Amino acid sequence: MKKLYSLLLLTGLLWGRAASGQTTFQVDTLIKTGPLDQRVNIVFLSDGYQTAQLPQFVNDVRGVAAGLFAQSPFREYQNYFNVFAIRVPSVDAGAKHPRTAPDCTAMPAATVNNYFGSSFDQNSIHRLLVATRASAVAGVLSTHFPLYDQAFVLVNTTEYGGGGSTAYATFSINASSRETCIHEMGHSFANLADEYWAGPGYARERANQTAQTDPTLVRWAPWVGTGSVGVYPFVENPLWQRPHQNCKMRYLGSPFCNVCRETFVERIHTLVPPVQSFSPASTALSDPTAAVPFALTLLAPSPNTLRVTWQRDGAPLARNTSQVTVPLTALNTGTHVIRAEVTDTTGFSRATTHAAQHTYVTQWTVTNTATGTHLQASSFEYQLETYPNPVTDALNLSYRLSRPAPVTVTVLDEAGRRVRTVLQERAAAAGTHQWRFTAAELGLRRPGTYRLVLDIDGARVSRPLVKE
Ligand SMILES: [Zn+2]
Ligand SMILES: [Zn+2]
């Protein structure tokens, strides 16, 4: 699904002996909810733990994971995650402390020989604790766990500190530092901005940061007025706005705001679709009187917010079940379509208007002829992001196809008349497609309300478009 490694290969890497004489570390599986290629894999590496302290490292990771999954949205989506710990021993215990920061605490200076070079005082900030040997982190990950989605270096010191990079985050075992770990996931996993003012070098358009000041136009407009979400200028630079005054992306110990929580959920779905598999696969059916079971294997959050709707030739067939049975005798000669659509109706996503939400479609085309019955299965997902809406400059659209399929994008006016066919592909290739259309390309010449219609292999979705 998301990545193309075989499980066998990975198992060999996990437990085999490295051929080049390179050290092999033990990998502990702490939480395993499913196959590595169908889950978000979080991997912790130890630094500043001596060999005898490695069991303590594994216990420390268990505590951090328990803290993570006690918080939304990780609590509800725990089934989507695996957690692993790689036991990397260090010569010395603890973290380096050069005492080169002007804001150093009473922590004494220390030259510690730890494996990943974790050190306080980075960028002249005492609490900025970073595993400085980035290539060593990358090396251990690539040889021991190439399928990781999120990596952390856990440093064996009770002094408060941590920090993130694009590749991994570092934090200490201090109780507050655990919160750093979750905050850092906001950056590296969900691409969220800090909601404190981190400086002009970090200011750019993100899910939780914008230069837009109009509450009806901001990226998080569907959330404005809920859970204290608004449009709050940074005091330090009022050109930029944040959605909340007390989010974990600003203050450790706070929960994530609604905007950040939604971003996590959509990111989780990008990596792990809730439809894990389907059956039957494409096949010829020999028995014309058979009753065929069509089934999905679903990965449900807790509580289960997945909504499943089944259709036969466009008419409702069943809902909120993972399986329907259709007798072939009910299908007369010709072509029929059995379709299952799955969406996550979680209240954590308000994507109905700004439309980041994913929809997953599985469909079977049953062709019934005098010579026999043939069944072709396919699946695709789409994500229609109509931001900004009213459309000022552009509209983003993305979808993923399991096999080539016809795709059409049309813009209709208020009366339902076709304004423009924006995209028409008889057989769009399998894989992920991303498009960006300008208002001119969409044919939105006059102000008014339009409708964008996406048709993938006969499955249609439409969204309102406003041109001011
Ligand atoms: Zn210091
Ligand atoms: Zn936030």
# chains A, B, ... in the order shown; residues from 1 in each chain; ligands from 1
$ select_by_dssp --residues "segment 167-410 of chain A" --states "alpha helix (DSSP H)" --output "number ranges by chain"
A: 175-188, 258-271, 351-354
$ residues_around --residues "segment 406-411 of chain A" --least-positions-apart "3" --cutoff "9 Å" --atoms "only C-alpha atoms" --output "list in words"
Gly416, Arg417, Arg418, Val419, Arg420, Thr421, Val422, Leu423, Gln424, Glu425, Arg426, Ala427, Ala428, Leu442, Gly443, Leu444, Tyr450, Arg451, Leu452, Val453, Leu454, Asp455, Ile456, Asp457, Gly458 and Leu465 of chain A
$ residues_near_ligand --ligand "ligand 1" --cutoff "12 Å" --atoms "only C-alpha atoms and all ligand atoms" --output "VMD selection string"
chain A and resid 95 to 110 119 to 129 159 to 161
$ closest_atom_pairs --of "chain A" --to "ligand 2" --cutoff "8 Å" --atoms "only C-alpha atoms and all ligand atoms" --output "Markdown table"
| residue | atom | partner | partner_atom_place_in_ligand_line | distance |
| --- | --- | --- | --- | --- |
| A:Leu192 | CA | ligand 2 | 1 (Zn) | 7.9 |
| A:Glu195 | CA | ligand 2 | 1 (Zn) | 6.5 |
| A:Asn208 | CA | ligand 2 | 1 (Zn) | 6.0 |
| A:Arg242 | CA | ligand 2 | 1 (Zn) | 7.7 |
| A:Pro243 | CA | ligand 2 | 1 (Zn) | 6.4 |
| A:His244 | CA | ligand 2 | 1 (Zn) | 6.0 |
| A:Asn246 | CA | ligand 2 | 1 (Zn) | 7.8 |
| A:Cys247 | CA | ligand 2 | 1 (Zn) | 4.6 |
| A:Lys248 | CA | ligand 2 | 1 (Zn) | 6.4 |
| A:Met249 | CA | ligand 2 | 1 (Zn) | 5.4 |
| A:Arg250 | CA | ligand 2 | 1 (Zn) | 7.4 |
| A:Phe256 | CA | ligand 2 | 1 (Zn) | 5.3 |
| A:Cys257 | CA | ligand 2 | 1 (Zn) | 4.2 |
| A:Asn258 | CA | ligand 2 | 1 (Zn) | 6.7 |
| A:Val259 | CA | ligand 2 | 1 (Zn) | 5.6 |
| A:Cys260 | CA | ligand 2 | 1 (Zn) | 4.3 |
| A:Arg261 | CA | ligand 2 | 1 (Zn) | 7.3 |
$ residues_around --residues "segment 358-370 of chain A" --least-positions-apart "6" --cutoff "9 Å" --atoms "only C-alpha atoms" --output "PyMOL selection string"
chain A and resi 266+269-270+273-275+278+280-282+288+294+296+328+331-344+351+376-384+459
$ atom_distance --atom1 "atom CA of Val218 of chain A" --atom2 "atom CA of Ala198 of chain A"
20.5 Å
$ closest_residue --among "A:Glu262, A:Ser398, A:Asn79, A:Leu217" --to "Pro35 of chain A" --atoms "only C-alpha atoms"
A:Asn79
$ closest_residue --among "A:Asn156, A:Gln323, A:Asn41, A:Thr371" --to "Val112 of chain A" --atoms "only C-alpha atoms"
A:Asn156
$ closest_residue --among "A:Asp60, A:Asp47, A:Glu76, A:Glu179" --to "Pro303 of chain A" --atoms "only C-alpha atoms"
A:Glu76
$ atom_distance --atom1 "atom CA of Phe44 of chain A" --atom2 "atom CA of Ser302 of chain A"
24.7 Å
